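Student: Here you go, query_36.pdb (PDB, C-alpha atoms, pLDDT in the B column):
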ATOM      1  CA  MET A   9     -72.334 -16.517 -67.930  1.00 78.00           C
ATOM      2  CA  TRP A  10     -68.840 -17.989 -67.680  1.00 87.00           C
ATOM      3  CA  TRP A  11     -67.689 -15.194 -65.409  1.00 87.00           C
ATOM      4  CA  LEU A  12     -70.487 -16.008 -62.953  1.00 88.00           C
ATOM      5  CA  ILE A  13     -69.357 -19.647 -62.931  1.00 88.00           C
ATOM      6  CA  VAL A  14     -65.796 -18.458 -62.253  1.00 88.00           C
ATOM      7  CA  LEU A  15     -67.174 -16.201 -59.527  1.00 86.00           C
ATOM      8  CA  GLY A  16     -68.955 -19.132 -57.856  1.00 90.00           C
ATOM      9  CA  GLY A  17     -65.888 -21.363 -58.132  1.00 91.00           C
ATOM     10  CA  LEU A  18     -63.662 -18.709 -56.579  1.00 88.00           C
ATOM     11  CA  GLY A  19     -66.221 -18.239 -53.825  1.00 85.00           C
ATOM     12  CA  ILE A  20     -66.222 -21.933 -52.969  1.00 90.00           C
ATOM     13  CA  VAL A  21     -62.426 -22.125 -52.971  1.00 87.00           C
ATOM     14  CA  GLY A  22     -62.225 -18.937 -50.914  1.00 83.00           C
ATOM     15  CA  VAL A  23     -64.589 -20.244 -48.256  1.00 83.00           C
ATOM     16  CA  VAL A  24     -62.900 -23.640 -48.057  1.00 87.00           C
ATOM     17  CA  SER A  25     -59.361 -22.260 -47.927  1.00 84.00           C
ATOM     18  CA  SER A  26     -60.037 -18.995 -46.020  1.00 78.00           C
ATOM     19  CA  ILE A  27     -57.637 -17.149 -48.297  1.00 83.00           C
ATOM     20  CA  VAL A  28     -58.516 -13.464 -48.563  1.00 82.00           C
ATOM     21  CA  GLU A  29     -57.189 -13.066 -52.093  1.00 86.00           C
ATOM     22  CA  PHE A  30     -59.908 -15.270 -53.579  1.00 89.00           C
ATOM     23  CA  GLY A  31     -62.464 -12.671 -52.509  1.00 87.00           C
ATOM     24  CA  MET A  32     -60.570 -10.059 -54.475  1.00 89.00           C
ATOM     25  CA  PHE A  33     -60.532 -12.259 -57.549  1.00 91.00           C
ATOM     26  CA  MET A  34     -64.281 -12.731 -57.043  1.00 93.00           C
ATOM     27  CA  VAL A  35     -64.768  -8.966 -57.309  1.00 91.00           C
ATOM     28  CA  GLY A  36     -62.726  -9.013 -60.530  1.00 93.00           C
ATOM     29  CA  ALA A  37     -64.894 -11.812 -61.927  1.00 93.00           C
ATOM     30  CA  LEU A  38     -68.027  -9.864 -60.976  1.00 92.00           C
ATOM     31  CA  ALA A  39     -66.707  -6.767 -62.760  1.00 94.00           C
ATOM     32  CA  ALA A  40     -65.872  -8.881 -65.833  1.00 94.00           C
ATOM     33  CA  SER A  41     -69.361 -10.381 -65.830  1.00 93.00           C
ATOM     34  CA  ILE A  42     -70.837  -6.872 -65.723  1.00 93.00           C
ATOM     35  CA  ALA A  43     -68.602  -5.910 -68.656  1.00 94.00           C
ATOM     36  CA  ALA A  44     -69.802  -9.018 -70.521  1.00 93.00           C
ATOM     37  CA  GLY A  45     -73.408  -8.077 -69.777  1.00 92.00           C
ATOM     38  CA  MET A  46     -72.773  -4.686 -71.315  1.00 94.00           C
ATOM     39  CA  GLY A  47     -71.574  -6.338 -74.500  1.00 92.00           C
ATOM     40  CA  ALA A  48     -67.796  -6.022 -74.098  1.00 92.00           C
ATOM     41  CA  GLY A  49     -65.592  -8.480 -75.973  1.00 94.00           C
ATOM     42  CA  LEU A  50     -63.563 -11.253 -74.354  1.00 93.00           C
ATOM     43  CA  VAL A  51     -60.334  -9.231 -74.424  1.00 95.00           C
ATOM     44  CA  VAL A  52     -61.983  -6.293 -72.653  1.00 95.00           C
ATOM     45  CA  GLN A  53     -63.556  -8.670 -70.125  1.00 94.00           C
ATOM     46  CA  CYS A  54     -60.151 -10.185 -69.334  1.00 94.00           C
ATOM     47  CA  ILE A  55     -58.607  -6.721 -68.995  1.00 95.00           C
ATOM     48  CA  VAL A  56     -61.398  -5.651 -66.627  1.00 95.00           C
ATOM     49  CA  PHE A  57     -60.874  -8.821 -64.587  1.00 93.00           C
ATOM     50  CA  ALA A  58     -57.117  -8.238 -64.389  1.00 95.00           C
ATOM     51  CA  VAL A  59     -57.319  -4.532 -63.566  1.00 95.00           C
ATOM     52  CA  VAL A  60     -60.016  -4.868 -60.893  1.00 94.00           C
ATOM     53  CA  SER A  61     -58.351  -7.904 -59.284  1.00 93.00           C
ATOM     54  CA  ALA A  62     -54.922  -6.232 -59.297  1.00 95.00           C
ATOM     55  CA  SER A  63     -56.387  -3.035 -57.852  1.00 94.00           C
ATOM     56  CA  PHE A  64     -57.959  -4.946 -54.995  1.00 91.00           C
ATOM     57  CA  LEU A  65     -54.743  -6.878 -54.381  1.00 91.00           C
ATOM     58  CA  ILE A  66     -52.690  -3.685 -54.290  1.00 93.00           C
ATOM     59  CA  PHE A  67     -55.015  -1.464 -52.276  1.00 92.00           C
ATOM     60  CA  VAL A  68     -57.358  -3.660 -50.224  1.00 90.00           C
ATOM     61  CA  ARG A  69     -55.198  -6.711 -49.424  1.00 88.00           C
ATOM     62  CA  PRO A  70     -52.801  -4.875 -47.048  1.00 90.00           C
ATOM     63  CA  ILE A  71     -55.746  -3.472 -45.101  1.00 88.00           C
ATOM     64  CA  ALA A  72     -57.465  -6.868 -44.924  1.00 82.00           C
ATOM     65  CA  LEU A  73     -54.299  -8.645 -43.800  1.00 83.00           C
ATOM     66  CA  ARG A  74     -53.627  -6.001 -41.164  1.00 85.00           C
ATOM     67  CA  GLN A  75     -57.130  -6.527 -39.767  1.00 81.00           C
ATOM     68  CA  LEU A  76     -56.785 -10.307 -39.795  1.00 78.00           C
ATOM     69  CA  ASN A  77     -53.377 -10.286 -38.124  1.00 80.00           C
ATOM     70  CA  ARG A  78     -54.348  -7.780 -35.459  1.00 80.00           C
ATOM     71  CA  GLY A  79     -56.192 -10.385 -33.424  1.00 70.00           C
ATOM     72  CA  PRO A  80     -58.929  -9.827 -30.884  1.00 72.00           C
ATOM     73  CA  VAL A  81     -58.915  -6.626 -28.891  1.00 74.00           C
ATOM     74  CA  MET A  82     -58.433  -7.402 -25.231  1.00 77.00           C
ATOM     75  CA  ARG A  83     -59.873  -4.831 -22.882  1.00 78.00           C
ATOM     76  CA  ASP A  84     -58.605  -4.876 -19.337  1.00 81.00           C
ATOM     77  CA  GLY A  85     -58.740  -2.709 -16.263  1.00 83.00           C
ATOM     78  CA  VAL A  86     -61.061   0.242 -16.480  1.00 84.00           C
ATOM     79  CA  GLN A  87     -61.548  -0.215 -20.225  1.00 86.00           C
ATOM     80  CA  ALA A  88     -63.211  -3.580 -19.562  1.00 87.00           C
ATOM     81  CA  LEU A  89     -65.772  -1.928 -17.279  1.00 91.00           C
ATOM     82  CA  LYS A  90     -66.947   0.699 -19.758  1.00 91.00           C
ATOM     83  CA  GLY A  91     -70.218  -0.291 -21.383  1.00 90.00           C
ATOM     84  CA  ARG A  92     -71.126  -2.860 -18.720  1.00 94.00           C
ATOM     85  CA  SER A  93     -74.375  -2.876 -16.805  1.00 95.00           C
ATOM     86  CA  ALA A  94     -74.615  -2.288 -13.086  1.00 97.00           C
ATOM     87  CA  VAL A  95     -77.305  -2.201 -10.402  1.00 97.00           C
ATOM     88  CA  VAL A  96     -77.909   0.880  -8.277  1.00 97.00           C
ATOM     89  CA  LEU A  97     -77.454   0.198  -4.556  1.00 97.00           C
ATOM     90  CA  GLU A  98     -77.827   3.754  -3.237  1.00 96.00           C
ATOM     91  CA  ARG A  99     -79.469   6.641  -5.072  1.00 97.00           C
ATOM     92  CA  VAL A 100     -77.209   7.951  -7.861  1.00 97.00           C
ATOM     93  CA  ASP A 101     -77.382  11.563  -8.987  1.00 95.00           C
ATOM     94  CA  GLU A 102     -74.928  14.130 -10.295  1.00 94.00           C
ATOM     95  CA  TYR A 103     -73.201  14.273  -6.894  1.00 94.00           C
ATOM     96  CA  GLY A 104     -72.760  10.588  -6.158  1.00 94.00           C
ATOM     97  CA  GLY A 105     -74.203   7.280  -5.122  1.00 96.00           C
ATOM     98  CA  ARG A 106     -73.278   3.589  -5.131  1.00 97.00           C
ATOM     99  CA  ILE A 107     -73.646   0.818  -7.699  1.00 97.00           C
ATOM    100  CA  LYS A 108     -72.726  -2.842  -7.894  1.00 97.00           C
ATOM    101  CA  LEU A 109     -70.464  -3.303 -10.910  1.00 95.00           C
ATOM    102  CA  ALA A 110     -68.782  -6.603 -11.793  1.00 89.00           C
ATOM    103  CA  GLY A 111     -69.440  -7.942  -8.313  1.00 92.00           C
ATOM    104  CA  GLU A 112     -67.925  -4.932  -6.556  1.00 94.00           C
ATOM    105  CA  VAL A 113     -69.429  -1.839  -4.961  1.00 96.00           C
ATOM    106  CA  TRP A 114     -68.409   1.350  -6.762  1.00 96.00           C
ATOM    107  CA  THR A 115     -69.095   5.006  -6.158  1.00 96.00           C
ATOM    108  CA  ALA A 116     -71.003   6.433  -9.077  1.00 97.00           C
ATOM    109  CA  ARG A 117     -72.439   9.638 -10.428  1.00 96.00           C
ATOM    110  CA  SER A 118     -74.913  10.360 -13.170  1.00 96.00           C
ATOM    111  CA  MET A 119     -73.582  11.656 -16.474  1.00 94.00           C
ATOM    112  CA  ASP A 120     -76.810  13.565 -17.026  1.00 92.00           C
ATOM    113  CA  THR A 121     -77.040  16.133 -14.241  1.00 89.00           C
ATOM    114  CA  THR A 122     -80.858  16.034 -14.329  1.00 92.00           C
ATOM    115  CA  ARG A 123     -81.126  12.230 -14.101  1.00 94.00           C
ATOM    116  CA  VAL A 124     -81.515  10.377 -10.797  1.00 95.00           C
ATOM    117  CA  PHE A 125     -81.319   6.592 -10.485  1.00 97.00           C
ATOM    118  CA  GLU A 126     -83.046   4.851  -7.603  1.00 96.00           C
ATOM    119  CA  PRO A 127     -81.917   1.612  -5.878  1.00 97.00           C
ATOM    120  CA  GLY A 128     -82.647  -1.490  -7.938  1.00 96.00           C
ATOM    121  CA  GLU A 129     -82.453   0.276 -11.311  1.00 96.00           C
ATOM    122  CA  LYS A 130     -80.071  -0.969 -13.962  1.00 96.00           C
ATOM    123  CA  VAL A 131     -77.578   1.514 -15.361  1.00 97.00           C
ATOM    124  CA  ASP A 132     -74.820   1.386 -17.961  1.00 95.00           C
ATOM    125  CA  VAL A 133     -71.292   2.545 -17.262  1.00 96.00           C
ATOM    126  CA  ALA A 134     -70.311   5.265 -19.734  1.00 94.00           C
ATOM    127  CA  ASP A 135     -66.911   6.093 -18.255  1.00 93.00           C
ATOM    128  CA  ILE A 136     -64.684   5.610 -15.246  1.00 93.00           C
ATOM    129  CA  ASP A 137     -63.435   8.827 -13.648  1.00 91.00           C
ATOM    130  CA  GLY A 138     -60.788   7.849 -11.096  1.00 90.00           C
ATOM    131  CA  ALA A 139     -62.598   5.523  -8.711  1.00 91.00           C
ATOM    132  CA  THR A 140     -66.049   6.734  -9.738  1.00 94.00           C
ATOM    133  CA  ALA A 141     -68.219   5.153 -12.388  1.00 95.00           C
ATOM    134  CA  VAL A 142     -70.079   7.634 -14.577  1.00 95.00           C
ATOM    135  CA  VAL A 143     -73.434   6.049 -15.436  1.00 96.00           C
ATOM    136  CA  ILE A 144     -76.276   6.616 -17.865  1.00 93.00           C
TER     137      ILE A 144
END
What do you get writing this file as C-alpha coordinates?
Tutor:
Amino acid sequence: MWWLIVLGGLGIVGVVSSIVEFGMFMVGALAASIAAGMGAGLVVQCIVFAVVSASFLIFVRPIALRQLNRGPVMRDGVQALKGRSAVVLERVDEYGGRIKLAGEVWTARSMDTTRVFEPGEKVDVADIDGATAVVI
(Lines of atoms letter the chains of each structure in order from A and count residues from 1; the text may use other names and numbers.)
(Lines give C-alpha, C1' and ligand atoms only; values in the text may rest on other atoms or scores of the structure.)
Protein backbone atom coordinates (compact mmCIF):
# COMPACT_ATOMS: atom_id res chain seq x y z
CA MET A 1 0.00 0.00 0.00
CA TRP A 2 2.86 2.37 0.80
CA TRP A 3 4.30 2.00 -2.67
CA LEU A 4 1.00 3.15 -4.19
CA ILE A 5 1.08 6.22 -1.93
CA VAL A 6 4.65 6.89 -3.10
CA LEU A 7 3.47 6.38 -6.68
CA GLY A 8 0.69 8.96 -6.24
CA GLY A 9 3.04 11.44 -4.57
CA LEU A 10 5.59 11.11 -7.36
CA GLY A 11 2.80 11.56 -9.89
CA ILE A 12 1.65 14.80 -8.30
CA VAL A 13 5.19 16.16 -8.07
CA GLY A 14 5.88 15.08 -11.65
CA VAL A 15 2.81 16.85 -13.00
CA VAL A 16 3.45 20.03 -11.03
CA SER A 17 7.15 20.22 -11.88
CA SER A 18 7.06 18.71 -15.41
CA ILE A 19 10.23 16.78 -14.69
CA VAL A 20 10.45 13.61 -16.77
CA GLU A 21 12.44 11.66 -14.19
CA PHE A 22 9.53 11.54 -11.74
CA GLY A 23 7.63 9.42 -14.25
CA MET A 24 10.48 6.94 -14.26
CA PHE A 25 10.47 6.77 -10.48
CA MET A 26 6.70 6.21 -10.69
CA VAL A 27 7.31 3.10 -12.81
CA GLY A 28 9.80 1.90 -10.18
CA ALA A 29 7.24 2.45 -7.42
CA LEU A 30 4.63 0.56 -9.45
CA ALA A 31 7.04 -2.36 -9.92
CA ALA A 32 7.80 -2.34 -6.17
CA SER A 33 4.10 -2.35 -5.35
CA ILE A 34 3.63 -5.36 -7.63
CA ALA A 35 6.53 -7.08 -5.85
CA ALA A 36 4.89 -6.26 -2.50
CA GLY A 37 1.60 -7.69 -3.76
CA MET A 38 3.39 -10.90 -4.62
CA GLY A 39 4.64 -11.17 -1.06
CA ALA A 40 8.23 -9.94 -1.47
CA GLY A 41 9.99 -8.51 1.58
CA LEU A 42 10.87 -4.85 2.07
CA VAL A 43 14.48 -5.35 0.97
CA VAL A 44 13.40 -7.01 -2.28
CA GLN A 45 10.82 -4.27 -2.86
CA CYS A 46 13.49 -1.58 -2.46
CA ILE A 47 15.83 -3.45 -4.81
CA VAL A 48 13.05 -3.75 -7.41
CA PHE A 49 12.33 -0.03 -7.05
CA ALA A 50 16.00 0.87 -7.47
CA VAL A 51 16.67 -1.46 -10.40
CA VAL A 52 13.55 -0.51 -12.37
CA SER A 53 14.02 3.23 -11.73
CA ALA A 54 17.71 3.09 -12.65
CA SER A 55 16.94 1.10 -15.80
CA PHE A 56 14.42 3.69 -16.92
CA LEU A 57 16.83 6.52 -16.13
CA ILE A 58 19.62 4.87 -18.11
CA PHE A 59 17.67 3.66 -21.12
CA VAL A 60 14.49 5.74 -21.45
CA ARG A 61 15.56 9.17 -20.15
CA PRO A 62 17.91 9.98 -23.09
CA ILE A 63 15.15 9.14 -25.56
CA ALA A 64 12.57 11.20 -23.66
CA LEU A 65 14.89 14.20 -23.37
CA ARG A 66 15.77 14.01 -27.05
CA GLN A 67 12.06 14.10 -27.93
CA LEU A 68 11.37 16.99 -25.57
CA ASN A 69 14.31 19.06 -26.81
CA ARG A 70 13.59 18.46 -30.48
CA GLY A 71 10.78 20.99 -30.53
CA PRO A 72 7.89 21.19 -32.95
CA VAL A 73 8.41 20.00 -36.49
CA MET A 74 8.00 22.89 -38.88
CA ARG A 75 6.92 21.90 -42.35
CA ASP A 76 7.47 24.43 -45.08
CA GLY A 77 7.38 24.59 -48.84
CA VAL A 78 6.02 21.53 -50.55
CA GLN A 79 6.11 19.50 -47.33
CA ALA A 80 3.51 21.85 -45.83
CA LEU A 81 1.12 21.15 -48.71
CA LYS A 82 1.16 17.36 -48.41
CA GLY A 83 -1.91 16.08 -46.61
CA ARG A 84 -3.94 19.26 -47.15
CA SER A 85 -7.36 19.35 -48.74
CA ALA A 86 -8.09 21.03 -52.04
CA VAL A 87 -11.09 21.67 -54.28
CA VAL A 88 -11.21 20.45 -57.87
CA LEU A 89 -11.62 23.29 -60.37
CA GLU A 90 -11.25 21.32 -63.60
CA ARG A 91 -11.69 17.56 -63.98
CA VAL A 92 -8.71 15.68 -62.52
CA ASP A 93 -7.69 12.29 -63.86
CA GLU A 94 -4.44 10.41 -64.34
CA TYR A 95 -3.38 12.86 -67.06
CA GLY A 96 -4.09 16.17 -65.36
CA GLY A 97 -6.53 18.76 -64.19
CA ARG A 98 -6.65 21.79 -61.89
CA ILE A 99 -7.29 22.21 -58.17
CA LYS A 100 -7.38 25.11 -55.74
CA LEU A 101 -4.82 24.40 -53.02
CA ALA A 102 -3.97 26.87 -50.25
CA GLY A 103 -5.57 29.70 -52.18
CA GLU A 104 -3.64 28.99 -55.38
CA VAL A 105 -4.51 27.15 -58.58
CA TRP A 106 -2.36 24.06 -59.09
CA THR A 107 -2.13 21.49 -61.83
CA ALA A 108 -3.03 18.09 -60.46
CA ARG A 109 -3.28 14.46 -61.41
CA SER A 110 -4.93 11.51 -59.76
CA MET A 111 -2.74 9.03 -57.91
CA ASP A 112 -5.18 6.25 -58.74
CA THR A 113 -5.19 5.92 -62.52
CA THR A 114 -8.82 4.71 -62.49
CA ARG A 115 -10.14 7.57 -60.34
CA VAL A 116 -11.60 10.77 -61.82
CA PHE A 117 -12.49 13.82 -59.73
CA GLU A 118 -15.11 16.25 -60.98
CA PRO A 119 -15.23 20.03 -60.32
CA GLY A 120 -16.39 20.88 -56.80
CA GLU A 121 -15.13 17.64 -55.23
CA LYS A 122 -12.74 17.77 -52.31
CA VAL A 123 -9.46 15.91 -52.66
CA ASP A 124 -6.42 15.37 -50.46
CA VAL A 125 -2.89 16.06 -51.63
CA ALA A 126 -0.79 12.91 -51.32
CA ASP A 127 2.39 14.26 -52.91
CA ILE A 128 3.83 17.11 -54.92
CA ASP A 129 5.59 16.07 -58.12
CA GLY A 130 7.38 19.15 -59.46
CA ALA A 131 4.61 21.70 -59.96
CA THR A 132 1.86 19.08 -59.99
CA ALA A 133 -0.15 17.99 -56.99
CA VAL A 134 -0.85 14.26 -56.84
CA VAL A 135 -4.30 13.85 -55.28
CA ILE A 136 -6.40 11.08 -53.79
Student: Need the shell around Ala44 (chain A): protein/DNA/RNA residues with any atom at most 10 Å away, counting all atoms listed in the file. Skip same-chain ones fewer than 4 positions apart. Format as a PyMOL selection string?
Tutor: chain A and resi 9-11+38-40+48-50+52-54+56
Student: Grab the residues selected above and save them as a PDB file, in the frame of the given file with C-alpha atoms.
Tutor:
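Everything below was put into out-v3.pdb:
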ATOM      1  CA  MET A   9     -72.334 -16.517 -67.930  1.00 78.00           C
ATOM      2  CA  TRP A  10     -68.840 -17.989 -67.680  1.00 87.00           C
ATOM      3  CA  TRP A  11     -67.689 -15.194 -65.409  1.00 87.00           C
ATOM      4  CA  LEU A  38     -68.027  -9.864 -60.976  1.00 92.00           C
ATOM      5  CA  ALA A  39     -66.707  -6.767 -62.760  1.00 94.00           C
ATOM      6  CA  ALA A  40     -65.872  -8.881 -65.833  1.00 94.00           C
ATOM      7  CA  ALA A  48     -67.796  -6.022 -74.098  1.00 92.00           C
ATOM      8  CA  GLY A  49     -65.592  -8.480 -75.973  1.00 94.00           C
ATOM      9  CA  LEU A  50     -63.563 -11.253 -74.354  1.00 93.00           C
ATOM     10  CA  VAL A  52     -61.983  -6.293 -72.653  1.00 95.00           C
ATOM     11  CA  GLN A  53     -63.556  -8.670 -70.125  1.00 94.00           C
ATOM     12  CA  CYS A  54     -60.151 -10.185 -69.334  1.00 94.00           C
ATOM     13  CA  VAL A  56     -61.398  -5.651 -66.627  1.00 95.00           C
TER      14      VAL A  56
END
Student: Can you tell me how far CA of Ser26 (chain A) sits from CA of Leu76 (chain A), in Å to one decimal?
Tutor: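 Result for CA of Ser26 (chain A) versus CA of Leu76 (chain A): 11.2 Å, one decimal.
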Student: Find the distance between CA of Gly31 (chain A) and CA of Ser63 (chain A) and write it in Å to one decimal.
Tutor: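 About the pair CA of Gly31 (chain A) and CA of Ser63 (chain A): they are 12.6 Å apart.
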Student: How far is it from CA of Pro70 (chain A) to CA of Met32 (chain A), in Å with one decimal?
Tutor: 11.9 Å
Student: Counting only C-alpha atoms, what is within 8 Å of Ala116 (chain A), bar same-chain residues fewer than 3 positions away, as a PyMOL selection string?
Tutor: chain A and resi 100+104-107+140-143
